[in-house]
file start.pdb (PDB, C-alpha atoms, pLDDT in the B column)
ATOM      1  CA  MET A 855      -9.337 -26.388  24.388  1.00 65.00           C
ATOM      2  CA  LYS A 856      -7.753 -27.938  21.313  1.00 65.00           C
ATOM      3  CA  LYS A 857     -10.892 -27.299  19.236  1.00 61.00           C
ATOM      4  CA  LEU A 858     -10.966 -23.658  20.289  1.00 53.00           C
ATOM      5  CA  LEU A 859      -7.350 -23.185  19.279  1.00 52.00           C
ATOM      6  CA  ILE A 860      -7.945 -24.782  15.877  1.00 59.00           C
ATOM      7  CA  LEU A 861     -11.047 -22.605  15.366  1.00 48.00           C
ATOM      8  CA  LEU A 862      -9.054 -19.442  16.140  1.00 47.00           C
ATOM      9  CA  ILE A 863      -6.318 -20.419  13.696  1.00 54.00           C
ATOM     10  CA  VAL A 864      -8.859 -21.144  10.938  1.00 49.00           C
ATOM     11  CA  LEU A 865     -10.751 -17.898  11.532  1.00 48.00           C
ATOM     12  CA  SER A 866      -7.590 -15.815  11.560  1.00 52.00           C
ATOM     13  CA  THR A 867      -6.411 -17.448   8.338  1.00 50.00           C
ATOM     14  CA  PHE A 868      -9.612 -17.202   6.339  1.00 53.00           C
ATOM     15  CA  GLY A 869     -11.503 -14.388   8.042  1.00 56.00           C
ATOM     16  CA  CYS A 870      -8.913 -11.660   7.666  1.00 73.00           C
ATOM     17  CA  LYS A 871      -9.147  -9.825   4.363  1.00 85.00           C
ATOM     18  CA  LYS A 872      -6.479  -7.206   3.855  1.00 88.00           C
ATOM     19  CA  TYR A 873      -4.362  -5.373   1.361  1.00 91.00           C
ATOM     20  CA  VAL A 874      -0.615  -5.441   1.917  1.00 92.00           C
ATOM     21  CA  VAL A 875       0.793  -2.117   0.732  1.00 93.00           C
ATOM     22  CA  SER A 876       4.534  -1.415   0.500  1.00 93.00           C
ATOM     23  CA  PHE A 877       5.632   2.209   0.239  1.00 94.00           C
ATOM     24  CA  GLU A 878       8.968   2.730  -1.473  1.00 93.00           C
ATOM     25  CA  GLN A 879      11.217   5.224   0.266  1.00 92.00           C
ATOM     26  CA  PRO A 880      12.657   7.401  -2.533  1.00 91.00           C
ATOM     27  CA  THR A 881      16.266   7.967  -3.513  1.00 89.00           C
ATOM     28  CA  ASP A 882      15.500  11.544  -4.661  1.00 89.00           C
ATOM     29  CA  MET A 883      16.360  13.917  -1.796  1.00 90.00           C
ATOM     30  CA  LYS A 884      13.735  16.394  -3.024  1.00 91.00           C
ATOM     31  CA  LEU A 885      11.103  13.948  -1.777  1.00 91.00           C
ATOM     32  CA  ASP A 886      12.499  13.745   1.763  1.00 92.00           C
ATOM     33  CA  ASN A 887       9.813  14.197   4.463  1.00 93.00           C
ATOM     34  CA  LEU A 888       7.002  14.142   1.899  1.00 93.00           C
ATOM     35  CA  LYS A 889       3.735  13.300   3.644  1.00 94.00           C
ATOM     36  CA  LEU A 890       1.335  10.866   1.977  1.00 95.00           C
ATOM     37  CA  GLU A 891      -2.203  10.406   3.267  1.00 96.00           C
ATOM     38  CA  VAL A 892      -3.635   7.000   2.379  1.00 95.00           C
ATOM     39  CA  PHE A 893      -7.372   6.407   2.037  1.00 95.00           C
ATOM     40  CA  LEU A 894      -9.140   3.116   1.374  1.00 93.00           C
ATOM     41  CA  ASP A 895     -12.751   3.425   0.233  1.00 93.00           C
ATOM     42  CA  LYS A 896     -12.644   7.136   1.176  1.00 93.00           C
ATOM     43  CA  LYS A 897     -11.693   6.385   4.789  1.00 94.00           C
ATOM     44  CA  LYS A 898      -8.283   7.537   5.985  1.00 95.00           C
ATOM     45  CA  VAL A 899      -6.215   4.536   7.008  1.00 94.00           C
ATOM     46  CA  GLN A 900      -2.688   5.900   7.470  1.00 93.00           C
ATOM     47  CA  ASP A 901      -0.204   8.757   7.079  1.00 95.00           C
ATOM     48  CA  ILE A 902       3.190   7.931   5.598  1.00 93.00           C
ATOM     49  CA  ASN A 903       6.246  10.194   5.766  1.00 94.00           C
ATOM     50  CA  LEU A 904       8.771   9.343   3.092  1.00 92.00           C
ATOM     51  CA  LYS A 905      12.419   9.319   4.135  1.00 92.00           C
ATOM     52  CA  ALA A 906      14.771   9.758   1.206  1.00 91.00           C
ATOM     53  CA  THR A 907      18.048   7.893   1.037  1.00 87.00           C
ATOM     54  CA  ASN A 908      21.066   8.044  -1.242  1.00 86.00           C
ATOM     55  CA  GLU A 909      21.336   4.265  -1.303  1.00 84.00           C
ATOM     56  CA  MET A 910      18.960   1.556  -2.459  1.00 85.00           C
ATOM     57  CA  PRO A 911      15.295   2.299  -1.812  1.00 85.00           C
ATOM     58  CA  THR A 912      13.768   0.786   1.298  1.00 88.00           C
ATOM     59  CA  TYR A 913      10.137  -0.146   1.883  1.00 91.00           C
ATOM     60  CA  GLU A 914       7.622   0.476   4.629  1.00 91.00           C
ATOM     61  CA  THR A 915       4.836  -2.095   4.599  1.00 91.00           C
ATOM     62  CA  ALA A 916       1.321  -1.673   6.007  1.00 92.00           C
ATOM     63  CA  ASP A 917      -1.743  -3.929   6.151  1.00 92.00           C
ATOM     64  CA  PHE A 918      -5.136  -2.383   5.420  1.00 91.00           C
ATOM     65  CA  SER A 919      -8.180  -4.433   6.420  1.00 89.00           C
ATOM     66  CA  ILE A 920     -11.254  -4.569   4.215  1.00 88.00           C
ATOM     67  CA  SER A 921     -14.737  -5.945   4.784  1.00 83.00           C
ATOM     68  CA  ASP A 922     -15.541  -7.649   1.500  1.00 87.00           C
ATOM     69  CA  GLU A 923     -14.142  -8.854  -1.799  1.00 88.00           C
ATOM     70  CA  GLY A 924     -14.433  -6.902  -5.042  1.00 89.00           C
ATOM     71  CA  ASN A 925     -13.397  -3.438  -6.187  1.00 94.00           C
ATOM     72  CA  HIS A 926     -12.026  -0.884  -3.742  1.00 94.00           C
ATOM     73  CA  LEU A 927     -10.765   2.676  -4.112  1.00 95.00           C
ATOM     74  CA  LEU A 928      -7.203   3.379  -2.981  1.00 95.00           C
ATOM     75  CA  GLN A 929      -6.375   7.078  -2.754  1.00 96.00           C
ATOM     76  CA  VAL A 930      -2.992   8.647  -2.044  1.00 96.00           C
ATOM     77  CA  LYS A 931      -3.041  12.369  -1.271  1.00 95.00           C
ATOM     78  CA  THR A 932       0.015  14.588  -1.357  1.00 92.00           C
ATOM     79  CA  LYS A 933       0.352  18.338  -0.918  1.00 84.00           C
ATOM     80  CA  ASP A 934      -2.104  19.383  -3.606  1.00 82.00           C
ATOM     81  CA  THR A 935      -2.904  16.254  -5.602  1.00 90.00           C
ATOM     82  CA  THR A 936      -4.958  13.105  -5.067  1.00 94.00           C
ATOM     83  CA  PHE A 937      -4.128   9.933  -6.968  1.00 96.00           C
ATOM     84  CA  ASN A 938      -7.000   7.436  -7.306  1.00 96.00           C
ATOM     85  CA  TYR A 939      -6.575   3.745  -8.063  1.00 96.00           C
ATOM     86  CA  ASP A 940      -9.133   0.972  -8.391  1.00 95.00           C
ATOM     87  CA  VAL A 941      -7.896  -2.246  -6.832  1.00 93.00           C
ATOM     88  CA  LYS A 942      -9.579  -5.640  -6.775  1.00 92.00           C
ATOM     89  CA  TYR A 943      -9.538  -8.054  -3.898  1.00 92.00           C
ATOM     90  CA  PRO A 944      -8.243 -10.815  -3.903  1.00 89.00           C
ATOM     91  CA  GLU A 945      -6.706 -10.519  -7.402  1.00 91.00           C
ATOM     92  CA  GLU A 946      -4.598  -7.471  -6.491  1.00 92.00           C
ATOM     93  CA  LYS A 947      -4.024  -7.770  -2.758  1.00 91.00           C
ATOM     94  CA  TYR A 948      -0.309  -6.879  -2.821  1.00 94.00           C
ATOM     95  CA  ILE A 949       0.407  -3.286  -3.815  1.00 95.00           C
ATOM     96  CA  LYS A 950       3.652  -1.323  -4.154  1.00 94.00           C
ATOM     97  CA  VAL A 951       3.430   2.489  -4.092  1.00 95.00           C
ATOM     98  CA  THR A 952       6.253   4.613  -5.512  1.00 94.00           C
ATOM     99  CA  ALA A 953       6.610   8.400  -5.517  1.00 93.00           C
ATOM    100  CA  TYR A 954       8.852  10.142  -8.024  1.00 90.00           C
ATOM    101  CA  LEU A 955       9.358  13.496  -9.723  1.00 90.00           C
ATOM    102  CA  LYS A 956       8.747  13.819 -13.426  1.00 88.00           C
ATOM    103  CA  GLY A 957      11.075  15.812 -15.671  1.00 86.00           C
ATOM    104  CA  ASN A 958       8.842  18.885 -15.357  1.00 89.00           C
ATOM    105  CA  GLY A 959       9.110  18.802 -11.544  1.00 84.00           C
ATOM    106  CA  LYS A 960       5.629  17.444 -10.863  1.00 90.00           C
ATOM    107  CA  LEU A 961       5.141  14.662  -8.353  1.00 91.00           C
ATOM    108  CA  TYR A 962       3.675  11.366  -9.517  1.00 93.00           C
ATOM    109  CA  ILE A 963       2.550   8.403  -7.428  1.00 93.00           C
ATOM    110  CA  GLY A 964       2.702   5.081  -9.255  1.00 92.00           C
ATOM    111  CA  ILE A 965       1.479   1.702  -8.079  1.00 93.00           C
ATOM    112  CA  LEU A 966       2.090  -1.898  -8.990  1.00 93.00           C
ATOM    113  CA  LYS A 967      -0.611  -4.457  -8.124  1.00 91.00           C
ATOM    114  CA  GLN A 968      -0.359  -8.227  -8.044  1.00 90.00           C
ATOM    115  CA  ASN A 969      -1.741 -11.350  -6.374  1.00 88.00           C
ATOM    116  CA  TYR A 970       1.499 -12.570  -4.767  1.00 88.00           C
ATOM    117  CA  LYS A 971       4.034 -11.010  -2.414  1.00 84.00           C
ATOM    118  CA  PHE A 972       6.778  -8.742  -3.704  1.00 78.00           C
ATOM    119  CA  ARG A 973      10.343  -9.895  -3.295  1.00 75.00           C
ATOM    120  CA  PHE A 974      12.567  -7.018  -2.247  1.00 62.00           C
ATOM    121  CA  GLN A 975      16.302  -7.528  -2.460  1.00 55.00           C
TER     122      GLN A 975
END
call {"tool": "encode", "arguments": {"input": "start.pdb", "output": "structure tokens"}}
result
Amino acid sequence: MKKLLILLIVLSTFGCKKYVVSFEQPTDMKLDNLKLEVFLDKKKVQDINLKATNEMPTYETADFSISDEGNHLLQVKTKDTTFNYDVKYPEEKYIKVTAYLKGNGKLYIGILKQNYKFRFQ
């Protein structure tokens, strides 16, 4: 029984490859209830509805499982635009996604990629 438990812990630690993606909830009220469709390697993994706030931005975090290491395609679709990003696993396994409006009124989705967890305060 002890060996089985140790095997399960080892497999869950080393066998689970995933991206940890944090979606920033905007402070711009024009982006309230904006729907983002998230695709990983052209397969839809989640829908995110942004909830705007007048205070500090908050974050919604999701884990997206992958099958192998290397380059992957992260796509974020909004109303009429698709934003494509190449991400590498395991070098860029923590991703922060931010939506904001440019000065001309167009929506832009920006990402920040890194190998270690983000520290939100």
call {"tool": "resolve_selection", "arguments": {"input": "start.pdb", "expression": "the PyMOL selection byres ((chain A and resi 884-899) around 7)", "output": "list in words"}}
result
Pro880, Asp882, Met883, Gln900, Asp901, Ile902, Asn903, Leu904, Lys905, Ala906, His926, Leu927, Leu928, Gln929, Val930, Lys931 and Thr932 of chain A
call {"tool": "closest_residue", "arguments": {"input": "start.pdb", "among": "A:Glu923, A:Asp934, A:Asp917, A:Glu946", "to": "Gln968 of chain A", "atoms": "only C-alpha atoms"}}
result
A:Glu946
call {"tool": "atom_distance", "arguments": {"input": "start.pdb", "atom1": "atom CA of Phe937 of chain A", "atom2": "atom CA of Phe877 of chain A"}}
result
14.4 Å
call {"tool": "closest_residue", "arguments": {"input": "start.pdb", "among": "A:Tyr954, A:Glu878, A:Asn925, A:Val941", "to": "Tyr913 of chain A", "atoms": "all atoms listed in the file"}}
result
A:Glu878
call {"tool": "atom_distance", "arguments": {"input": "start.pdb", "atom1": "atom CA of Tyr970 of chain A", "atom2": "atom CA of Cys870 of chain A"}}
result
16.2 Å
call {"tool": "axis_aligned_box", "arguments": {"input": "start.pdb", "around": "segment 882-898 of chain A", "padding_each_side": "4 Å", "output": "AutoDock Vina command-line options"}}
result
--center_x 1.8 --center_y 9.8 --center_z 0.7 --size_x 37.1 --size_y 21.3 --size_z 18.6
call {"tool": "atom_distance", "arguments": {"input": "start.pdb", "atom1": "atom CA of Leu966 of chain A", "atom2": "atom CA of Asp922 of chain A"}}
result
21.3 Å
call {"tool": "residues_around", "arguments": {"input": "start.pdb", "residues": "Ile949 of chain A", "least_positions_apart": "6", "cutoff": "7 Å", "atoms": "all atoms listed in the file", "output": "ChimeraX atom specification"}}
result
/A:874-876,965-968
call {"tool": "closest_residue", "arguments": {"input": "start.pdb", "among": "A:Ser919, A:Tyr943, A:Lys950, A:Tyr962", "to": "Lys872 of chain A", "atoms": "all atoms listed in the file"}}
result
A:Ser919
call {"tool": "closest_residue", "arguments": {"input": "start.pdb", "among": "A:Gln879, A:Ser921, A:Asn908, A:Gly964", "to": "Val951 of chain A", "atoms": "all atoms listed in the file"}}
result
A:Gly964
call {"tool": "closest_residue", "arguments": {"input": "start.pdb", "among": "A:Tyr948, A:Thr881, A:Asn958, A:Ile920", "to": "Arg973 of chain A", "atoms": "only C-alpha atoms"}}
result
A:Tyr948
call {"tool": "closest_residue", "arguments": {"input": "start.pdb", "among": "A:Ile963, A:Gly957, A:Tyr873, A:Ala916", "to": "Thr935 of chain A", "atoms": "all atoms listed in the file"}}
result
A:Ile963
call {"tool": "decode", "arguments": {"input": "start.pdb", "residues": "segment 889-924 of chain A", "atoms": "N, CA, C and O atoms", "output": "CSV table (one decimal), in the first residue's frame"}}
result
chain,number,residue,atom,x,y,z
A,889,LYS,N,-16.1,38.4,-23.6
A,889,LYS,CA,-15.9,37.0,-23.6
A,889,LYS,C,-14.6,36.7,-24.4
A,889,LYS,O,-14.4,37.1,-25.5
A,890,LEU,N,-13.7,35.9,-23.8
A,890,LEU,CA,-12.5,35.4,-24.4
A,890,LEU,C,-12.6,33.9,-24.6
A,890,LEU,O,-12.9,33.2,-23.6
A,891,GLU,N,-12.3,33.4,-25.8
A,891,GLU,CA,-12.3,32.0,-26.0
A,891,GLU,C,-10.8,31.6,-26.1
A,891,GLU,O,-10.0,32.2,-26.8
A,892,VAL,N,-10.4,30.6,-25.3
A,892,VAL,CA,-9.0,30.2,-25.2
A,892,VAL,C,-8.8,28.9,-25.9
A,892,VAL,O,-9.5,27.9,-25.6
A,893,PHE,N,-7.8,28.8,-26.8
A,893,PHE,CA,-7.5,27.6,-27.6
A,893,PHE,C,-6.0,27.3,-27.3
A,893,PHE,O,-5.2,28.2,-27.3
A,894,LEU,N,-5.7,26.0,-27.1
A,894,LEU,CA,-4.4,25.5,-27.0
A,894,LEU,C,-4.2,24.5,-28.1
A,894,LEU,O,-4.9,23.5,-28.1
A,895,ASP,N,-3.2,24.7,-29.0
A,895,ASP,CA,-3.0,23.9,-30.1
A,895,ASP,C,-4.2,23.6,-30.9
A,895,ASP,O,-4.6,22.5,-31.3
A,896,LYS,N,-5.0,24.7,-31.1
A,896,LYS,CA,-6.2,24.8,-32.0
A,896,LYS,C,-7.3,24.0,-31.4
A,896,LYS,O,-8.3,23.7,-32.1
A,897,LYS,N,-7.3,23.6,-30.1
A,897,LYS,CA,-8.4,22.9,-29.4
A,897,LYS,C,-8.9,23.9,-28.4
A,897,LYS,O,-8.1,24.4,-27.5
A,898,LYS,N,-10.2,24.1,-28.4
A,898,LYS,CA,-10.8,25.0,-27.4
A,898,LYS,C,-10.7,24.4,-26.0
A,898,LYS,O,-11.1,23.2,-25.8
A,899,VAL,N,-10.1,25.2,-25.1
A,899,VAL,CA,-9.9,24.7,-23.7
A,899,VAL,C,-10.8,25.4,-22.7
A,899,VAL,O,-11.1,24.8,-21.6
A,900,GLN,N,-11.2,26.6,-22.9
A,900,GLN,CA,-12.0,27.3,-21.9
A,900,GLN,C,-12.5,28.7,-22.5
A,900,GLN,O,-11.9,29.3,-23.4
A,901,ASP,N,-13.7,29.1,-21.9
A,901,ASP,CA,-14.2,30.4,-22.2
A,901,ASP,C,-14.0,31.2,-20.9
A,901,ASP,O,-14.3,30.7,-19.8
A,902,ILE,N,-13.6,32.4,-21.0
A,902,ILE,CA,-13.4,33.3,-19.9
A,902,ILE,C,-14.3,34.6,-20.1
A,902,ILE,O,-14.2,35.2,-21.2
A,903,ASN,N,-15.0,35.0,-19.1
A,903,ASN,CA,-15.8,36.2,-19.1
A,903,ASN,C,-15.1,37.2,-18.2
A,903,ASN,O,-15.0,36.9,-17.0
A,904,LEU,N,-14.6,38.3,-18.7
A,904,LEU,CA,-13.9,39.3,-17.9
A,904,LEU,C,-15.0,40.1,-17.1
A,904,LEU,O,-16.0,40.5,-17.7
A,905,LYS,N,-14.6,40.3,-15.9
A,905,LYS,CA,-15.5,41.2,-15.0
A,905,LYS,C,-14.7,42.4,-14.6
A,905,LYS,O,-13.7,42.3,-13.8
A,906,ALA,N,-15.0,43.5,-15.1
A,906,ALA,CA,-14.3,44.7,-14.8
A,906,ALA,C,-14.6,45.2,-13.4
A,906,ALA,O,-15.6,45.0,-12.8
A,907,THR,N,-13.6,45.9,-12.8
A,907,THR,CA,-13.7,46.4,-11.5
A,907,THR,C,-13.0,47.8,-11.4
A,907,THR,O,-12.1,48.1,-12.2
A,908,ASN,N,-13.5,48.6,-10.5
A,908,ASN,CA,-12.9,49.9,-10.4
A,908,ASN,C,-11.7,49.9,-9.5
A,908,ASN,O,-11.0,50.9,-9.3
A,909,GLU,N,-11.4,48.8,-8.8
A,909,GLU,CA,-10.3,48.7,-7.9
A,909,GLU,C,-9.1,48.1,-8.6
A,909,GLU,O,-9.0,48.1,-9.8
A,910,MET,N,-8.3,47.4,-7.8
A,910,MET,CA,-7.1,46.7,-8.3
A,910,MET,C,-7.6,45.5,-9.1
A,910,MET,O,-8.6,44.9,-8.8
A,911,PRO,N,-6.8,45.2,-10.2
A,911,PRO,CA,-7.2,44.1,-11.0
A,911,PRO,C,-7.1,42.8,-10.2
A,911,PRO,O,-6.2,42.6,-9.4
A,912,THR,N,-8.0,41.9,-10.5
A,912,THR,CA,-8.0,40.5,-9.9
A,912,THR,C,-7.6,39.6,-11.0
A,912,THR,O,-7.6,39.9,-12.2
A,913,TYR,N,-7.4,38.3,-10.6
A,913,TYR,CA,-6.9,37.3,-11.6
A,913,TYR,C,-7.7,36.0,-11.5
A,913,TYR,O,-8.0,35.6,-10.3
A,914,GLU,N,-8.0,35.5,-12.6
A,914,GLU,CA,-8.7,34.1,-12.6
A,914,GLU,C,-7.6,33.2,-13.2
A,914,GLU,O,-7.1,33.4,-14.3
A,915,THR,N,-7.3,32.1,-12.5
A,915,THR,CA,-6.2,31.2,-13.0
A,915,THR,C,-6.8,29.9,-13.4
A,915,THR,O,-7.7,29.4,-12.8
A,916,ALA,N,-6.3,29.4,-14.5
A,916,ALA,CA,-6.7,28.1,-15.1
A,916,ALA,C,-5.5,27.3,-15.4
A,916,ALA,O,-4.4,27.8,-15.8
A,917,ASP,N,-5.6,26.0,-15.3
A,917,ASP,CA,-4.5,25.0,-15.7
A,917,ASP,C,-4.9,24.3,-17.0
A,917,ASP,O,-6.0,23.8,-17.1
A,918,PHE,N,-4.1,24.4,-18.0
A,918,PHE,CA,-4.3,23.7,-19.3
A,918,PHE,C,-3.3,22.6,-19.5
A,918,PHE,O,-2.1,22.9,-19.6
A,919,SER,N,-3.8,21.4,-19.6
A,919,SER,CA,-2.9,20.2,-19.7
A,919,SER,C,-2.4,20.1,-21.2
A,919,SER,O,-3.1,20.4,-22.1
A,920,ILE,N,-1.2,19.6,-21.3
A,920,ILE,CA,-0.6,19.4,-22.6
A,920,ILE,C,0.0,18.0,-22.6
A,920,ILE,O,0.2,17.4,-21.6
A,921,SER,N,0.3,17.5,-23.8
A,921,SER,CA,0.8,16.1,-23.9
A,921,SER,C,2.3,16.0,-24.0
A,921,SER,O,2.8,15.0,-23.6
A,922,ASP,N,2.9,17.0,-24.5
A,922,ASP,CA,4.4,16.9,-24.7
A,922,ASP,C,5.1,18.2,-24.5
A,922,ASP,O,4.4,19.3,-24.5
A,923,GLU,N,6.4,18.2,-24.4
A,923,GLU,CA,7.2,19.4,-24.2
A,923,GLU,C,7.4,20.0,-25.6
A,923,GLU,O,7.2,19.4,-26.6
A,924,GLY,N,7.8,21.3,-25.6
A,924,GLY,CA,8.1,21.9,-26.9
A,924,GLY,C,7.2,23.1,-27.1
A,924,GLY,O,6.7,23.7,-26.2
